[in-house]
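Only one structure is covered here, and it is reproduced in the block below.
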Amino acid sequence: MMTRFLSGTRYLILVPILGLALAASFFFVFGGLGLIAVLVEVLVAALSGASEAHAASLPVEVEIVEYVHRFLIGTVLYITAVGLYQLFIHRIQFPSWLRIDSTEELETNLIGVTVVVLAVNFMGVVFTSDSSQLLEYGAGIALPIAALALFIGLRAWSTNLNKKTTAELEGLVEGGEGEHKEAQAS
């Protein structure tokens with residue numbers, strides 16, 4: 001009875017999956033519509049020969065980078081939703097880069113996209129801020145990226161070491177059983 005109950009509780013994960021998917025959709029849809037509006041505004045201004053091609057306070061390049069930032073955040077949310085679904089509910093036929101078999105793979109995918117989001121965020125600050133605080137801000141971005149890289153590297157090393165040790169132990173067990181069988185046969 002308890003096993004059945006605990007097995008059924010895995011469907012509770014559908015609540016955050018739905019929330020993550022809706023949030024990702026929000027970033028994709030409204031970000032996409034906003035980006036299209038900016039591009040249309042720039043195109044209309046350029047075709048009309050206006051001297052000011054973009055009315056916003058930010059250069060158009062920076063505004064486009066900010067939309068890319070929103071899409072990347074949406075991507076993080078989407079990968080998390082899909083990964084949780086694959087881990088707890090059912091496998092989905094996706095490209096190999098989006099298949100999630102463990103929480104470790106989900107974390108690695110999220111860390112990779114998070115690093116890109118941080119880098120895009122820094123690039124936006126480079127274009128829009130004064131340079132007096134740029135070093136501090138850059139260090140504030142670089143330190144978490146370095147920590148995440150160290151985390152992934154150490155975990156990969158540990159996983160490989162575990163696999164190697166397990167394989168060696170299995171080889172010893174199999175070898176020991178073979179010697180035991182040979183001794184019995186003679």
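Here, A, B, ... name the chains of the structure tokens in the order displayed, residue numbers run from 1 inside each chain, and ligands are numbered from 1 in the same displayed order.
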
Write out as an NGL selection string the residues lying within 10 Å of segment 155-166 of chain A, counting only C-alpha atoms and excluding same-chain residues fewer than 6 positions away. :A and (104 or 108 or 149 or 172)

Quick one: residues within 12 Å of Ala142 of chain A, only C-alpha atoms, excluding same-chain residues fewer than 4 positions away - as a PyMOL selection string? chain A and resi 115-116+118-119+121-122+134-138+146-149

Please, could you write that set of residues out with N, CA and C atoms as a PDB file, in the first residue's frame?
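Contents of the output file out_27.pdb:
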```pdb
ATOM      1  N   VAL A 115      25.405  29.638 -17.618  1.00  0.00           N
ATOM      2  CA  VAL A 115      26.666  30.327 -17.935  1.00  0.00           C
ATOM      3  C   VAL A 115      26.471  31.243 -19.136  1.00  0.00           C
ATOM      4  N   VAL A 116      25.764  30.767 -20.138  1.00  0.00           N
ATOM      5  CA  VAL A 116      25.502  31.599 -21.321  1.00  0.00           C
ATOM      6  C   VAL A 116      24.639  32.803 -20.945  1.00  0.00           C
ATOM      7  N   LEU A 118      24.477  34.305 -18.050  1.00  0.00           N
ATOM      8  CA  LEU A 118      25.339  35.253 -17.333  1.00  0.00           C
ATOM      9  C   LEU A 118      26.239  36.024 -18.296  1.00  0.00           C
ATOM     10  N   ALA A 119      26.778  35.336 -19.282  1.00  0.00           N
ATOM     11  CA  ALA A 119      27.655  36.001 -20.256  1.00  0.00           C
ATOM     12  C   ALA A 119      26.880  37.031 -21.083  1.00  0.00           C
ATOM     13  N   ASN A 121      24.168  38.553 -20.135  1.00  0.00           N
ATOM     14  CA  ASN A 121      23.850  39.630 -19.201  1.00  0.00           C
ATOM     15  C   ASN A 121      25.037  40.584 -19.062  1.00  0.00           C
ATOM     16  N   PHE A 122      26.230  40.032 -18.943  1.00  0.00           N
ATOM     17  CA  PHE A 122      27.434  40.857 -18.841  1.00  0.00           C
ATOM     18  C   PHE A 122      27.633  41.690 -20.108  1.00  0.00           C
ATOM     19  N   LEU A 134      32.659  48.179 -14.164  1.00  0.00           N
ATOM     20  CA  LEU A 134      32.685  47.016 -15.051  1.00  0.00           C
ATOM     21  C   LEU A 134      33.548  45.881 -14.511  1.00  0.00           C
ATOM     22  N   LEU A 135      34.682  46.194 -13.927  1.00  0.00           N
ATOM     23  CA  LEU A 135      35.563  45.162 -13.379  1.00  0.00           C
ATOM     24  C   LEU A 135      34.868  44.398 -12.251  1.00  0.00           C
ATOM     25  N   GLU A 136      34.246  45.115 -11.344  1.00  0.00           N
ATOM     26  CA  GLU A 136      33.546  44.461 -10.232  1.00  0.00           C
ATOM     27  C   GLU A 136      32.397  43.598 -10.755  1.00  0.00           C
ATOM     28  N   TYR A 137      31.651  44.144 -11.681  1.00  0.00           N
ATOM     29  CA  TYR A 137      30.524  43.400 -12.236  1.00  0.00           C
ATOM     30  C   TYR A 137      31.022  42.156 -12.985  1.00  0.00           C
ATOM     31  N   GLY A 138      32.087  42.308 -13.755  1.00  0.00           N
ATOM     32  CA  GLY A 138      32.665  41.176 -14.483  1.00  0.00           C
ATOM     33  C   GLY A 138      33.170  40.097 -13.544  1.00  0.00           C
ATOM     34  N   ALA A 146      33.203  30.303 -12.766  1.00  0.00           N
ATOM     35  CA  ALA A 146      34.353  29.464 -12.399  1.00  0.00           C
ATOM     36  C   ALA A 146      33.946  28.399 -11.383  1.00  0.00           C
ATOM     37  N   ALA A 147      33.121  28.772 -10.420  1.00  0.00           N
ATOM     38  CA  ALA A 147      32.663  27.803  -9.419  1.00  0.00           C
ATOM     39  C   ALA A 147      31.825  26.707 -10.069  1.00  0.00           C
ATOM     40  N   LEU A 148      30.958  27.085 -11.002  1.00  0.00           N
ATOM     41  CA  LEU A 148      30.143  26.084 -11.705  1.00  0.00           C
ATOM     42  C   LEU A 148      31.016  25.161 -12.551  1.00  0.00           C
ATOM     43  N   ALA A 149      32.027  25.726 -13.198  1.00  0.00           N
ATOM     44  CA  ALA A 149      32.940  24.899 -14.000  1.00  0.00           C
ATOM     45  C   ALA A 149      33.699  23.921 -13.107  1.00  0.00           C
TER      46      ALA A 149
END
```

Write out as a Markdown table the residues of segment 68-168 of chain A that have any atom within 10 Å of an atom of segment 1-24 of chain A, one row each with the nearest atom pair and its distance in Å to one decimal, counting only C-alpha atoms, sorted by chain and then rising number.
```
| residue | atom | partner | partner_atom | distance |
| --- | --- | --- | --- | --- |
| A:Arg70 | CA | A:Ala24 | CA | 9.4 |
| A:Phe71 | CA | A:Ala24 | CA | 8.4 |
| A:Leu72 | CA | A:Ala24 | CA | 9.4 |
| A:Ile73 | CA | A:Ala24 | CA | 7.6 |
| A:Gly74 | CA | A:Ala24 | CA | 4.2 |
| A:Thr75 | CA | A:Ala24 | CA | 6.7 |
| A:Val76 | CA | A:Ala24 | CA | 7.9 |
| A:Leu77 | CA | A:Ala24 | CA | 5.3 |
| A:Tyr78 | CA | A:Ala24 | CA | 5.5 |
| A:Ile79 | CA | A:Ala21 | CA | 9.0 |
| A:Thr80 | CA | A:Leu20 | CA | 7.3 |
| A:Ala81 | CA | A:Ile17 | CA | 4.7 |
| A:Val82 | CA | A:Ile17 | CA | 7.5 |
| A:Gly83 | CA | A:Ile17 | CA | 9.1 |
| A:Leu84 | CA | A:Ile17 | CA | 6.9 |
| A:Tyr85 | CA | A:Ile17 | CA | 6.9 |
| A:Leu87 | CA | A:Arg10 | CA | 9.8 |
| A:Phe88 | CA | A:Arg10 | CA | 6.2 |
| A:Ile89 | CA | A:Tyr11 | CA | 7.0 |
```

Mind dumping the selected residues with N, CA and C atoms as a short mmCIF file (atom, residue, chain, number, x, y, z; two decimals), in the first residue's frame?
```cif
data_model
loop_
_atom_site.label_atom_id
_atom_site.label_comp_id
_atom_site.auth_asym_id
_atom_site.auth_seq_id
_atom_site.Cartn_x
_atom_site.Cartn_y
_atom_site.Cartn_z
N ARG A 70 16.29 37.02 -22.63
CA ARG A 70 14.96 36.49 -22.25
C ARG A 70 14.74 35.09 -22.84
N PHE A 71 15.14 34.90 -24.09
CA PHE A 71 14.96 33.59 -24.72
C PHE A 71 15.79 32.52 -24.01
N LEU A 72 16.99 32.90 -23.58
CA LEU A 72 17.83 31.95 -22.86
C LEU A 72 17.24 31.58 -21.51
N ILE A 73 16.65 32.54 -20.82
CA ILE A 73 15.97 32.23 -19.56
C ILE A 73 14.80 31.29 -19.84
N GLY A 74 14.05 31.56 -20.90
CA GLY A 74 12.97 30.66 -21.29
C GLY A 74 13.49 29.27 -21.59
N THR A 75 14.66 29.19 -22.21
CA THR A 75 15.27 27.90 -22.52
C THR A 75 15.62 27.13 -21.25
N VAL A 76 16.17 27.83 -20.26
CA VAL A 76 16.49 27.19 -18.97
C VAL A 76 15.21 26.61 -18.36
N LEU A 77 14.15 27.40 -18.36
CA LEU A 77 12.89 26.93 -17.79
C LEU A 77 12.34 25.73 -18.56
N TYR A 78 12.44 25.78 -19.88
CA TYR A 78 11.94 24.69 -20.72
C TYR A 78 12.74 23.40 -20.49
N ILE A 79 14.07 23.52 -20.46
CA ILE A 79 14.92 22.34 -20.25
C ILE A 79 14.63 21.74 -18.88
N THR A 80 14.40 22.59 -17.89
CA THR A 80 14.08 22.08 -16.56
C THR A 80 12.75 21.33 -16.57
N ALA A 81 11.74 21.90 -17.21
CA ALA A 81 10.43 21.25 -17.28
C ALA A 81 10.52 19.91 -18.00
N VAL A 82 11.17 19.89 -19.15
CA VAL A 82 11.30 18.66 -19.93
C VAL A 82 12.13 17.63 -19.16
N GLY A 83 13.20 18.08 -18.53
CA GLY A 83 14.05 17.16 -17.77
C GLY A 83 13.32 16.53 -16.60
N LEU A 84 12.57 17.32 -15.86
CA LEU A 84 11.80 16.77 -14.74
C LEU A 84 10.75 15.78 -15.23
N TYR A 85 10.11 16.11 -16.36
CA TYR A 85 9.11 15.19 -16.91
C TYR A 85 9.76 13.86 -17.29
N LEU A 87 12.51 12.58 -16.10
CA LEU A 87 13.02 11.87 -14.93
C LEU A 87 11.90 11.20 -14.11
N PHE A 88 10.75 11.87 -14.01
CA PHE A 88 9.72 11.38 -13.09
C PHE A 88 8.51 10.74 -13.77
N ILE A 89 8.20 11.13 -14.99
CA ILE A 89 6.95 10.68 -15.60
C ILE A 89 7.18 9.70 -16.75
#
```

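Residue neighbourhood of segment 125-129 of chain A, excluding near-sequence residues (fewer than 5 positions): Leu58, Pro59, Glu61, Val62, Val120, Leu134 and Tyr137 of chain A, at 9 Å, using only C-alpha atoms.
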
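Atom CA of Gly31 of chain A is positioned 8.4 Å from atom CA of Val68 of chain A.
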
The distance between atom CA of Pro95 of chain A and atom CA of Ala167 of chain A is 29.2 Å

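Near Tyr67 of chain A, within a cut-off of 8 Å and counting only C-alpha atoms, sit the residues Gly31, Gly32, Gly34 and Leu35 of chain A, with same-chain residues fewer than 5 positions away left out.
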
Could you pull out all residues of segment 1-170 of chain A with a DSSP call of alpha helix (DSSP H) and give them as an MDAnalysis selection string? chainID A and resid 2:8 14:48 60:88 103:128 134:170

Separation of atom CA of Leu106 of chain A and atom CA of His90 of chain A, in Å? 15.0 Å
